[in-house]
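S.K.: Got a structure here, written out as structure tokens. Questions coming.
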Amino acid sequence: MDNDKLAALVVVALLGCMAHTCQASYGYPNPMPPIPSPTPPTAPALTLNYYSYSCPNAEAIVREAVKNATDNNRGIGAGLIRLFFHDCFVRGCDASVLLDATTANPEPEKLGIPNFPSLRGFEVIDAAKAKLEKECGGVVSCADIVAFAGRDASFFLSNGVVDIKMPAGRYDGHVSFANETLRDLPPPFANVTVLEAMFKAKGLDLDDMVTLSGAHTVGISHCSSFADRLPADPSDPTSMEPVLASSLQQKCSRGGDPVVVQDDVTPRDLDKQYYQNVLDRKVLFKSDAALLSPQTLKAVEHNAKNPGKWERKFTDAMVKMGNIEVKTKANGEIRKQCRFVN
């Protein structure tokens, strides 16, 4: 399908969503910003063991920080995987998601609707960066720390099954805007056409989208992110499984915006259970249920039924995602503190 036809389908899909005011229940604006055109592919000079001479203990320091965090709270590991995804999808893998608000820029990415207040793991990145600056100041980028942390969280949450060989050499970006998160990050109400277009805009294909969605097998979600799926709709073949929907409706009616686990079967483990949950209609988001669409159903079934298949694909997809719009010395820097530009 060419870009013009795909863009037209995306507009129709988003307009259909607006007609049912689905953004309102998530706190998203109406209308949504247009999906950007696909980013031209780049050839970043990322390599394995990038810091073997300049900072030999760099990767071990990050892994220790992630292990300490996940030993205490495995949910932080899920947050670190999500942090890597949310960084790479907005302005590329450049640690722009880490930048704090300043007088000059009061609304950075981390305050965007898809990120605030749900994004977690910043303190783990800070802990790793502080040790790295003492060990070898000004050498290891925050962007690489985020990538290593996503890798290591995947390793620990999968009990060592997902072992990603993550190349490095990214530089940190200078720019971070909250309003770009709405344009670039797939919303929880997206259908498969919108998901395909948003991943394609980042150089990722439909199978990458299905594969990376499997990270929803760990972590938590605020009830507001799937409120429009409650109660179950018997007339909708992708509606949430009624027993799960009833249980969630009870939990979500307690006031405020409670959180629930995304995978009720193996909530602590990064595994292929997500795909069985999709088939059983025991997933939270509309974007999860969208994988029952004809163009993605076969991949979901294969991932659910073949031990080790999804884990191998996820390993490759994480590396591929880590190459999105990588900054170099020419247009980036090595931050001294991950929350502020130099």
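Ordering of the structure tokens sets the chain letters (A, B, ...), residue numbers begin anew at 1 in every chain, and ligands are numbered from 1 in the order given.
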Tell me which protein, DNA and RNA residues are within 6 Å of region 323-336 of chain A, counting only C-alpha atoms, leaving out same-chain ones fewer than 6 positions away, and put them as a PDB file with N, CA and C atoms, in the first residue's frame.
M.R.:
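Done, and the output landed in part.pdb:
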ATOM      1  N   GLY A  92      13.356  10.149  17.934  1.00  0.00           N
ATOM      2  CA  GLY A  92      14.381   9.115  17.911  1.00  0.00           C
ATOM      3  C   GLY A  92      14.923   8.798  19.290  1.00  0.00           C
ATOM      4  N   CYS A  93      15.838   7.830  19.332  1.00  0.00           N
ATOM      5  CA  CYS A  93      16.395   7.346  20.605  1.00  0.00           C
ATOM      6  C   CYS A  93      17.479   8.318  21.073  1.00  0.00           C
ATOM      7  N   SER A 141      26.344   8.293  26.969  1.00  0.00           N
ATOM      8  CA  SER A 141      25.164   9.119  26.731  1.00  0.00           C
ATOM      9  C   SER A 141      23.963   8.595  27.502  1.00  0.00           C
ATOM     10  N   ARG A 170      24.809   6.190  20.615  1.00  0.00           N
ATOM     11  CA  ARG A 170      23.825   7.267  20.456  1.00  0.00           C
ATOM     12  C   ARG A 170      24.297   8.517  21.186  1.00  0.00           C
ATOM     13  N   TYR A 171      23.924   9.669  20.657  1.00  0.00           N
ATOM     14  CA  TYR A 171      24.139  10.936  21.353  1.00  0.00           C
ATOM     15  C   TYR A 171      22.802  11.459  21.862  1.00  0.00           C
ATOM     16  N   ASP A 172      22.862  12.359  22.825  1.00  0.00           N
ATOM     17  CA  ASP A 172      21.652  12.915  23.439  1.00  0.00           C
ATOM     18  C   ASP A 172      21.159  14.127  22.658  1.00  0.00           C
ATOM     19  N   GLY A 173      19.826  14.231  22.543  1.00  0.00           N
ATOM     20  CA  GLY A 173      19.223  15.345  21.837  1.00  0.00           C
ATOM     21  C   GLY A 173      19.114  16.593  22.700  1.00  0.00           C
ATOM     22  N   ASN A 342      23.300  20.245  28.399  1.00  0.00           N
ATOM     23  CA  ASN A 342      24.526  20.867  28.940  1.00  0.00           C
ATOM     24  C   ASN A 342      24.483  22.390  28.811  1.00  0.00           C
TER      25      ASN A 342
END
S.K.: Please return, as a list in words, all residues of region 227-327 of chain A that DSSP assigns to strand (DSSP E or B) on the basis of the backbone.
M.R.: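 Output for region 227-327 of chain A, strand (DSSP E or B) only: Val259, Val260, Val261 and Lys327 of chain A.
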S.K.: Could you name the residues that touch Arg312 (chain A) at 10 Å or less, counting only C-alpha atoms, but leaving out those on the same chain fewer than 6 positions away, as a list of chain:residue names?
M.R.: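 The residues that qualify are A:Val161, A:Val162, A:Asp163, A:Ile164, A:Thr211.
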S.K.: In Å, how far is it from CA of Val341 (chain A) to CA of Lys320 (chain A)?
M.R.: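 Separation between CA of Val341 (chain A) and CA of Lys320 (chain A): 26.1 Å.
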S.K.: Do a neighbour search on region 70-79 of chain A at 6 Å with only C-alpha atoms, toss out local chain neighbours closer than 6 positions, and write the hits as a list in words.
M.R.: Arg120, Gly121, Ala153, Val218 and Gly219 of chain A
S.K.: Would you mind exporting N, CA and C atoms of the selected residues as an mmCIF file, in the first residue's frame?
M.R.:
data_model
loop_
_atom_site.group_PDB
_atom_site.id
_atom_site.type_symbol
_atom_site.label_atom_id
_atom_site.label_comp_id
_atom_site.auth_asym_id
_atom_site.auth_seq_id
_atom_site.Cartn_x
_atom_site.Cartn_y
_atom_site.Cartn_z
ATOM 1 N N ARG A 120 7.501 5.649 34.017
ATOM 2 C CA ARG A 120 8.299 5.353 35.208
ATOM 3 C C ARG A 120 9.721 4.949 34.840
ATOM 4 N N GLY A 121 10.589 4.967 35.835
ATOM 5 C CA GLY A 121 11.957 4.484 35.672
ATOM 6 C C GLY A 121 13.014 5.559 35.610
ATOM 7 N N ALA A 153 16.135 -4.666 31.558
ATOM 8 C CA ALA A 153 14.819 -4.938 32.133
ATOM 9 C C ALA A 153 14.176 -6.124 31.422
ATOM 10 N N VAL A 218 3.700 -7.274 30.641
ATOM 11 C CA VAL A 218 4.143 -6.842 31.967
ATOM 12 C C VAL A 218 3.678 -5.408 32.200
ATOM 13 N N GLY A 219 3.673 -5.005 33.458
ATOM 14 C CA GLY A 219 3.354 -3.624 33.779
ATOM 15 C C GLY A 219 1.900 -3.430 34.178
#
S.K.: I'd like the interatomic distance between CA of Asp152 (chain A) and CA of Ser287 (chain A), to a tenth of an Å.
M.R.: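 CA of Ser287 (chain A) lies at a distance of 26.0 Å from CA of Asp152 (chain A).
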S.K.: With only C-alpha atoms as the basis for distance, which of A:Phe189, A:Phe155, A:Phe89, A:Phe116 is at the shortest distance from Lys286 (chain A)?
M.R.: A:Phe189
S.K.: May I ask which of the residues A:Thr181, A:Thr47, A:Val175, A:Gly27 is the closest one to Asp228 (chain A), counting only C-alpha atoms?
M.R.: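 Checking each of A:Thr181, A:Thr47, A:Val175, A:Gly27 against Asp228 (chain A), counting only C-alpha atoms, the winner is A:Gly27.
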S.K.: Enumerate, in order of chain and increasing residue number, the residues of region 255-335 of chain A with an atom no farther than 9 Å from region 220-225 of chain A, each with its shortest atom pair and distance in Å to one decimal, counting only C-alpha atoms, as JSON lines.
M.R.:
{"residue": "A:Asp257", "atom": "CA", "partner": "A:Cys223", "partner_atom": "CA", "distance": 5.8}
{"residue": "A:Pro258", "atom": "CA", "partner": "A:His222", "partner_atom": "CA", "distance": 5.7}
{"residue": "A:Val259", "atom": "CA", "partner": "A:His222", "partner_atom": "CA", "distance": 4.3}
{"residue": "A:Val260", "atom": "CA", "partner": "A:Ile220", "partner_atom": "CA", "distance": 5.3}
{"residue": "A:Val261", "atom": "CA", "partner": "A:Ile220", "partner_atom": "CA", "distance": 4.3}
{"residue": "A:Gln262", "atom": "CA", "partner": "A:Ile220", "partner_atom": "CA", "distance": 5.2}
{"residue": "A:Asp263", "atom": "CA", "partner": "A:Ile220", "partner_atom": "CA", "distance": 8.3}
{"residue": "A:Pro267", "atom": "CA", "partner": "A:Ile220", "partner_atom": "CA", "distance": 8.7}
{"residue": "A:Leu284", "atom": "CA", "partner": "A:Ser225", "partner_atom": "CA", "distance": 8.2}
{"residue": "A:Phe285", "atom": "CA", "partner": "A:Ser225", "partner_atom": "CA", "distance": 7.0}
S.K.: Export, as an mmCIF file, in the first residue's frame, the selected residues with all heavy atoms.
M.R.:
data_model
loop_
_atom_site.group_PDB
_atom_site.id
_atom_site.type_symbol
_atom_site.label_atom_id
_atom_site.label_comp_id
_atom_site.auth_asym_id
_atom_site.auth_seq_id
_atom_site.Cartn_x
_atom_site.Cartn_y
_atom_site.Cartn_z
ATOM 1 N N ASP A 257 -8.207 7.140 39.797
ATOM 2 C CA ASP A 257 -7.859 6.438 38.560
ATOM 3 C C ASP A 257 -6.979 5.254 38.928
ATOM 4 O O ASP A 257 -5.749 5.302 38.779
ATOM 5 C CB ASP A 257 -7.147 7.384 37.597
ATOM 6 C CG ASP A 257 -6.987 6.802 36.195
ATOM 7 O OD1 ASP A 257 -7.567 5.729 35.931
ATOM 8 O OD2 ASP A 257 -6.287 7.422 35.377
ATOM 9 N N PRO A 258 -7.570 4.153 39.434
ATOM 10 C CA PRO A 258 -6.780 3.011 39.907
ATOM 11 C C PRO A 258 -5.928 2.395 38.803
ATOM 12 O O PRO A 258 -6.183 2.600 37.606
ATOM 13 C CB PRO A 258 -7.845 2.022 40.389
ATOM 14 C CG PRO A 258 -9.076 2.825 40.587
ATOM 15 C CD PRO A 258 -9.013 3.939 39.586
ATOM 16 N N VAL A 259 -4.946 1.618 39.217
ATOM 17 C CA VAL A 259 -4.124 0.871 38.265
ATOM 18 C C VAL A 259 -4.391 -0.618 38.428
ATOM 19 O O VAL A 259 -4.716 -1.092 39.517
ATOM 20 C CB VAL A 259 -2.619 1.155 38.440
ATOM 21 C CG1 VAL A 259 -2.304 2.601 38.114
ATOM 22 C CG2 VAL A 259 -2.140 0.808 39.842
ATOM 23 N N VAL A 260 -4.263 -1.335 37.311
ATOM 24 C CA VAL A 260 -4.420 -2.790 37.301
ATOM 25 C C VAL A 260 -3.304 -3.384 36.461
ATOM 26 O O VAL A 260 -2.690 -2.690 35.639
ATOM 27 C CB VAL A 260 -5.795 -3.212 36.725
ATOM 28 C CG1 VAL A 260 -6.922 -2.653 37.566
ATOM 29 C CG2 VAL A 260 -5.943 -2.767 35.267
ATOM 30 N N VAL A 261 -3.018 -4.666 36.661
ATOM 31 C CA VAL A 261 -1.979 -5.317 35.859
ATOM 32 C C VAL A 261 -2.494 -5.527 34.436
ATOM 33 O O VAL A 261 -3.691 -5.729 34.214
ATOM 34 C CB VAL A 261 -1.555 -6.673 36.473
ATOM 35 C CG1 VAL A 261 -0.889 -6.447 37.818
ATOM 36 C CG2 VAL A 261 -2.722 -7.638 36.588
ATOM 37 N N GLN A 262 -1.581 -5.466 33.490
ATOM 38 C CA GLN A 262 -1.970 -5.641 32.089
ATOM 39 C C GLN A 262 -2.180 -7.108 31.724
ATOM 40 O O GLN A 262 -2.990 -7.427 30.851
ATOM 41 C CB GLN A 262 -0.915 -5.034 31.160
ATOM 42 C CG GLN A 262 -0.794 -3.528 31.294
ATOM 43 C CD GLN A 262 -0.149 -2.901 30.088
ATOM 44 O OE1 GLN A 262 -0.779 -2.713 29.056
ATOM 45 N NE2 GLN A 262 1.116 -2.563 30.199
ATOM 46 N N ASP A 263 -1.441 -7.986 32.393
ATOM 47 C CA ASP A 263 -1.552 -9.422 32.128
ATOM 48 C C ASP A 263 -1.902 -10.097 33.443
ATOM 49 O O ASP A 263 -1.072 -10.210 34.337
ATOM 50 C CB ASP A 263 -0.227 -9.945 31.566
ATOM 51 C CG ASP A 263 -0.197 -11.461 31.399
ATOM 52 O OD1 ASP A 263 -1.207 -12.118 31.681
ATOM 53 O OD2 ASP A 263 0.859 -11.982 30.984
ATOM 54 N N PRO A 267 1.624 -11.764 35.468
ATOM 55 C CA PRO A 267 1.848 -10.313 35.526
ATOM 56 C C PRO A 267 3.292 -9.896 35.800
ATOM 57 O O PRO A 267 3.662 -8.772 35.490
ATOM 58 C CB PRO A 267 0.934 -9.866 36.672
ATOM 59 C CG PRO A 267 0.760 -11.084 37.518
ATOM 60 C CD PRO A 267 0.757 -12.233 36.560
ATOM 61 N N LEU A 284 -6.399 -5.243 27.729
ATOM 62 C CA LEU A 284 -7.023 -4.018 28.231
ATOM 63 C C LEU A 284 -7.379 -3.025 27.137
ATOM 64 O O LEU A 284 -8.481 -2.485 27.119
ATOM 65 C CB LEU A 284 -6.089 -3.347 29.244
ATOM 66 C CG LEU A 284 -5.726 -4.149 30.495
ATOM 67 C CD1 LEU A 284 -4.891 -3.282 31.439
ATOM 68 C CD2 LEU A 284 -6.965 -4.684 31.201
ATOM 69 N N PHE A 285 -6.438 -2.738 26.242
ATOM 70 C CA PHE A 285 -6.589 -1.601 25.336
ATOM 71 C C PHE A 285 -7.285 -1.994 24.030
ATOM 72 O O PHE A 285 -7.186 -3.128 23.564
ATOM 73 C CB PHE A 285 -5.235 -0.994 24.987
ATOM 74 C CG PHE A 285 -4.390 -0.642 26.175
ATOM 75 C CD1 PHE A 285 -3.024 -0.856 26.155
ATOM 76 C CD2 PHE A 285 -4.951 -0.083 27.315
ATOM 77 C CE1 PHE A 285 -2.235 -0.542 27.237
ATOM 78 C CE2 PHE A 285 -4.174 0.242 28.407
ATOM 79 C CZ PHE A 285 -2.809 0.016 28.370
#
S.K.: So that I can see what lies close to Glu311 (chain A), please list as a count of residues only the residues with an atom at most 12 Å from it, counting only C-alpha atoms and leaving out residues fewer than 2 positions away in the same chain.
M.R.: 33
S.K.: CA of Asp280 (chain A) to CA of Met240 (chain A): how many Å, to one decimal?
M.R.: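 Rounded to one decimal, the two atoms are 8.7 Å apart.
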S.K.: Which residue gives the smallest distance to Arg183 (chain A) among A:Leu292, A:Met321, A:Val90, A:Ala299, with only C-alpha atoms counted?
M.R.: A:Val90
